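Asker: Handing over coords09.txt, compact mmCIF, C-alpha atoms and all ligand atoms.
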# COMPACT_ATOMS: atom_id res chain seq x y z
CA MET M 18 0.36 -69.25 73.05
CA PRO M 19 2.95 -66.65 73.97
CA PRO M 20 5.91 -68.02 75.87
CA ALA M 21 5.60 -67.90 79.64
CA PRO M 22 7.30 -64.83 81.05
CA ALA M 23 10.74 -65.54 82.45
CA ARG M 24 10.56 -66.04 86.17
CA SER M 25 12.18 -63.27 88.11
CA ALA M 26 15.19 -64.04 90.21
CA ARG M 27 14.66 -65.78 93.51
CA THR M 28 15.91 -64.20 96.71
CA GLY M 29 16.38 -65.35 100.26
CA HIS M 30 17.96 -64.45 103.57
CA CYS M 31 18.76 -65.65 107.07
CA LEU M 32 16.63 -64.88 110.12
CA CYS M 33 18.45 -61.63 110.98
CA GLY M 34 19.11 -60.48 107.40
CA SER M 35 22.91 -60.24 107.71
CA VAL M 36 23.27 -62.75 104.88
CA SER M 37 21.12 -62.70 101.77
CA TYR M 38 21.35 -64.10 98.27
CA LEU M 39 19.85 -63.97 94.83
CA PHE M 40 19.87 -66.43 91.94
CA ASP M 41 18.57 -65.89 88.45
CA ALA M 42 18.36 -69.42 87.08
CA GLN M 43 15.93 -72.29 87.18
CA PRO M 44 17.15 -74.69 89.91
CA GLU M 45 18.58 -77.97 88.63
CA THR M 46 16.55 -80.01 91.10
CA VAL M 47 15.12 -80.04 94.60
CA VAL M 48 16.08 -82.89 96.91
CA LEU M 49 15.20 -83.86 100.47
CA CYS M 50 18.29 -85.02 102.38
CA HIS M 51 17.91 -87.30 105.39
CA CYS M 52 21.64 -87.62 106.16
CA ALA M 53 22.79 -87.38 109.77
CA HIS M 54 24.67 -84.12 109.15
CA CYS M 55 21.66 -82.42 107.55
CA GLN M 56 19.46 -83.54 110.43
CA ARG M 57 21.88 -82.16 113.00
CA HIS M 58 22.71 -78.97 111.09
CA SER M 59 19.07 -78.11 110.47
CA GLY M 60 17.71 -79.38 113.78
CA ALA M 61 14.97 -80.95 111.68
CA ALA M 62 14.14 -84.39 110.29
CA PHE M 63 15.65 -83.56 106.88
CA SER M 64 16.87 -80.63 104.84
CA VAL M 65 15.17 -79.32 101.71
CA ASN M 66 17.97 -78.68 99.25
CA VAL M 67 17.56 -76.54 96.13
CA LEU M 68 20.45 -77.22 93.73
CA VAL M 69 21.41 -74.10 91.82
CA SER M 70 24.18 -73.32 89.35
CA ARG M 71 27.03 -71.72 91.29
CA ASP M 72 27.48 -69.11 88.56
CA ALA M 73 23.88 -67.93 89.01
CA LEU M 74 24.17 -67.26 92.74
CA GLU M 75 25.14 -63.95 94.33
CA ILE M 76 25.71 -63.80 98.08
CA LYS M 77 25.49 -60.61 100.13
CA GLY M 78 27.12 -60.63 103.54
CA THR M 79 29.72 -63.01 104.88
CA PRO M 80 28.41 -66.35 106.07
CA LYS M 81 30.49 -68.52 108.36
CA SER M 82 31.40 -71.97 107.15
CA TYR M 83 31.72 -75.36 108.80
CA ARG M 84 33.16 -78.32 106.90
CA THR M 85 31.71 -81.79 107.37
CA VAL M 86 33.12 -85.10 106.14
CA GLY M 87 30.60 -87.80 105.25
CA ALA M 88 31.07 -90.66 107.71
CA GLU M 89 30.28 -93.28 105.06
CA ASN M 90 31.76 -91.79 101.88
CA GLY M 91 34.18 -89.04 102.93
CA ASN M 92 32.31 -86.41 100.87
CA LEU M 93 33.23 -82.88 101.92
CA ARG M 94 30.54 -80.29 102.53
CA ASP M 95 31.06 -76.64 103.42
CA ARG M 96 27.95 -75.70 105.36
CA LEU M 97 27.46 -71.94 105.26
CA PHE M 98 25.45 -70.30 107.99
CA CYS M 99 24.89 -66.84 109.42
CA GLY M 100 27.36 -66.08 112.20
CA GLU M 101 24.86 -63.72 113.83
CA CYS M 102 21.65 -65.77 113.93
CA GLY M 103 22.88 -69.29 113.05
CA THR M 104 20.55 -69.90 110.10
CA PRO M 105 21.89 -72.60 107.71
CA ILE M 106 21.78 -70.96 104.27
CA LEU M 107 23.97 -72.70 101.67
CA THR M 108 26.01 -75.87 101.24
CA ILE M 109 28.97 -76.34 98.89
CA LEU M 110 29.49 -79.88 97.55
CA HIS M 111 33.19 -80.45 96.91
CA GLU M 112 32.51 -83.10 94.28
CA ARG M 113 30.14 -80.76 92.40
CA PRO M 114 31.83 -77.33 92.41
CA ASP M 115 29.49 -76.18 89.63
CA LEU M 116 26.53 -76.33 92.02
CA VAL M 117 25.51 -74.80 95.29
CA ILE M 118 22.75 -75.98 97.59
CA VAL M 119 20.30 -73.34 98.76
CA LYS M 120 18.38 -74.27 101.91
CA ALA M 121 14.76 -73.95 100.82
CA GLY M 122 13.56 -72.56 104.15
CA THR M 123 15.59 -69.39 103.59
CA LEU M 124 13.84 -68.51 100.30
CA ASP M 125 11.57 -65.48 100.28
CA ASP M 126 9.21 -67.37 97.96
CA PRO M 127 9.61 -71.14 97.58
CA THR M 128 6.57 -71.45 95.31
CA GLY M 129 6.88 -74.17 92.69
CA LEU M 130 10.01 -75.81 94.09
CA GLU M 131 8.67 -79.28 94.77
CA PRO M 132 11.23 -81.97 95.67
CA SER M 133 11.66 -84.72 93.07
CA ALA M 134 13.99 -87.02 95.03
CA GLU M 135 15.11 -87.99 98.52
CA VAL M 136 18.66 -88.95 99.41
CA TRP M 137 20.03 -90.86 102.40
CA TRP M 138 16.64 -92.56 102.66
CA ARG M 139 18.08 -95.24 104.96
CA ARG M 140 18.74 -92.52 107.53
CA ALA M 141 15.19 -91.14 107.35
CA GLN M 142 13.36 -90.90 110.65
CA ASP M 143 11.05 -93.87 111.01
CA TRP M 144 7.79 -91.90 110.98
CA ILE M 145 8.43 -90.56 107.47
CA GLU M 146 6.33 -92.26 104.80
CA PRO M 147 7.82 -92.76 101.33
CA ALA M 148 6.16 -90.52 98.73
CA PRO M 149 5.21 -92.35 95.52
CA ASP M 150 6.22 -89.44 93.26
CA ARG M 151 9.76 -89.00 94.61
CA THR M 152 12.80 -91.08 93.70
CA ARG M 153 14.62 -92.43 96.75
CA PHE M 154 18.34 -93.09 97.07
CA ASP M 155 19.87 -94.99 100.01
CA GLY M 156 22.85 -92.62 100.02
CA ASP M 157 23.83 -89.64 97.88
CA ALA M 158 22.09 -89.46 94.48
CA LYS M 159 24.06 -91.09 91.68
ZN ZN P 201 21.45 -63.99 110.23
ZN ZN P 202 22.41 -84.19 103.92
Mind turning the file's structure into structure tokens?
Ligand SMILES: [Zn+2]
Ligand SMILES: [Zn+2]

Answerer:
Amino acid sequence: MPPAPARSARTGHCLCGSVSYLFDAQPETVVLCHCAHCQRHSGAAFSVNVLVSRDALEIKGTPKSYRTVGAENGNLRDRLFCGECGTPILTILHERPDLVIVKAGTLDDPTGLEPSAEVWWRRAQDWIEPAPDRTRFDGDAK
């Protein structure tokens, strides 16, 4: 069998298009985050986080940034969003500067990016059923 063709780079953008990005690397993992900050920032029950090598990501435009401090562990997060339309786009993890989180909802084509784990499970909204094929962590993944 010939090797599978290399997947082309993935692209994404905010609602208004002022901020866009491209990455040309297979994501490290995809994780659902139920933490209180992700719930509030996204306005949703959880965020769908695609972890990508920082070196592989190119950003076009100038997102605004808001820093959050984890109430339980002090972890710093720079949450990048579009200053025009407010779309959350990227998150920088201070303890993992080699990675950047891409918010899956901003991808032009999220095909094939199935989450393998869920973090901050103890903060999950009570109607969410555990999925048997995803690893769950009470807090941040170890
Ligand atoms: Zn925008
Ligand atoms: Zn979170």

Asker: Please determine, counting only C-alpha atoms, which residue among M:Asp95, M:Glu131, M:Glu45, M:Glu112 has the shortest atom-to-atom distance to Val65 of chain M.

Answerer: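 So, comparing all the options, the nearest one is M:Glu131.
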
Asker: Identify which of the residues M:Ser25, M:Thr46, M:Ser37, M:Asn90 lies closest to Thr152 of chain M, counting all atoms listed in the file when measuring atom-to-atom distances.

Answerer: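 So, comparing all the options, the nearest one is M:Thr46.
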
Asker: From the list M:Val86, M:Asp125, M:Trp144, M:Cys31, which residue is nearest Leu107 of chain M when using all atoms listed in the file?

Answerer: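 Counting all atoms listed in the file, the residue closest to Leu107 of chain M is M:Cys31.
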
Asker: Every residue with an atom at most 12 Å from (20.0, -97.0, 104.2) (file coordinates; all atoms listed in the file) is what I'm after, so could you write them as number ranges by chain?

Answerer: M: 51-53, 89, 135-143, 153-157

Asker: Would you name the residues within 10 Å of ligand ZN 201 (chain P), counting all atoms listed in the file, and put them as a short mmCIF file (atom, residue, chain, number, x, y, z; two decimals) with C-alpha atoms, keeping the file's coordinate frame?

Answerer:
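Result went into pocket05.cif, see below:
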data_model
loop_
_atom_site.label_atom_id
_atom_site.label_comp_id
_atom_site.auth_asym_id
_atom_site.auth_seq_id
_atom_site.Cartn_x
_atom_site.Cartn_y
_atom_site.Cartn_z
CA HIS M 30 17.96 -64.45 103.57
CA CYS M 31 18.76 -65.65 107.07
CA LEU M 32 16.63 -64.88 110.12
CA CYS M 33 18.45 -61.63 110.98
CA GLY M 34 19.11 -60.48 107.40
CA SER M 35 22.91 -60.24 107.71
CA VAL M 36 23.27 -62.75 104.88
CA SER M 37 21.12 -62.70 101.77
CA GLY M 78 27.12 -60.63 103.54
CA THR M 79 29.72 -63.01 104.88
CA PRO M 80 28.41 -66.35 106.07
CA PHE M 98 25.45 -70.30 107.99
CA CYS M 99 24.89 -66.84 109.42
CA GLY M 100 27.36 -66.08 112.20
CA GLU M 101 24.86 -63.72 113.83
CA CYS M 102 21.65 -65.77 113.93
CA GLY M 103 22.88 -69.29 113.05
CA THR M 104 20.55 -69.90 110.10
CA PRO M 105 21.89 -72.60 107.71
CA ILE M 106 21.78 -70.96 104.27
#

Asker: Between M:Gly29, M:Pro44, M:Pro132, M:Gly87, which one has atoms that come closest to Arg151 of chain M, using all atoms listed in the file?

Answerer: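 Of all the options, M:Pro132 lies closest to Arg151 of chain M.
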
Asker: What is the distance, in Å and to one decimal place, between atom CA of Thr85 of chain M and atom CA of Arg113 of chain M?

Answerer: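 Pair atom CA of Thr85 of chain M / atom CA of Arg113 of chain M returns 15.1 Å.
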
Asker: Name the closest residue to Leu97 of chain M among the candidates M:Val117, M:Ala42, M:Ala73, M:Ala158; distances are taken between atoms, counting all atoms listed in the file.

Answerer: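 Of all the options, M:Val117 lies closest to Leu97 of chain M.
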
Asker: Can you find the residues with an atom no farther than 6 Å from (23.7, -62.1, 95.4), counting all atoms listed in the file, and report them as an MDAnalysis selection string?

Answerer: chainID M and resid 38:39 74:77

Asker: Taking 6 positions as the minimum chain separation for residues in the same chain, which residues sit within 12 Å of Thr128 of chain M when counting only C-alpha atoms? Answer as a list in words.

Answerer: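 Residues meeting the cut-off are Arg24, Arg27, Thr28, Ala121 and Gly122 of chain M.
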
Asker: With distances taken over only C-alpha atoms, which residue among M:Val47, M:Ala88, M:Ser133, M:Asn66 lies nearest Pro149 of chain M?

Answerer: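 Of M:Val47, M:Ala88, M:Ser133, M:Asn66, the one nearest Pro149 of chain M is M:Ser133, counting only C-alpha atoms.
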
Asker: How many Å lie between atom CA of Arg96 of chain M and atom CA of Gln56 of chain M, rounded to one decimal?

Answerer: 12.6 Å

Asker: Expressed in Å to a single decimal, how great is the separation between atom CA of Leu49 of chain M and atom CA of Ala134 of chain M?

Answerer: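 So the answer is 6.4 Å.
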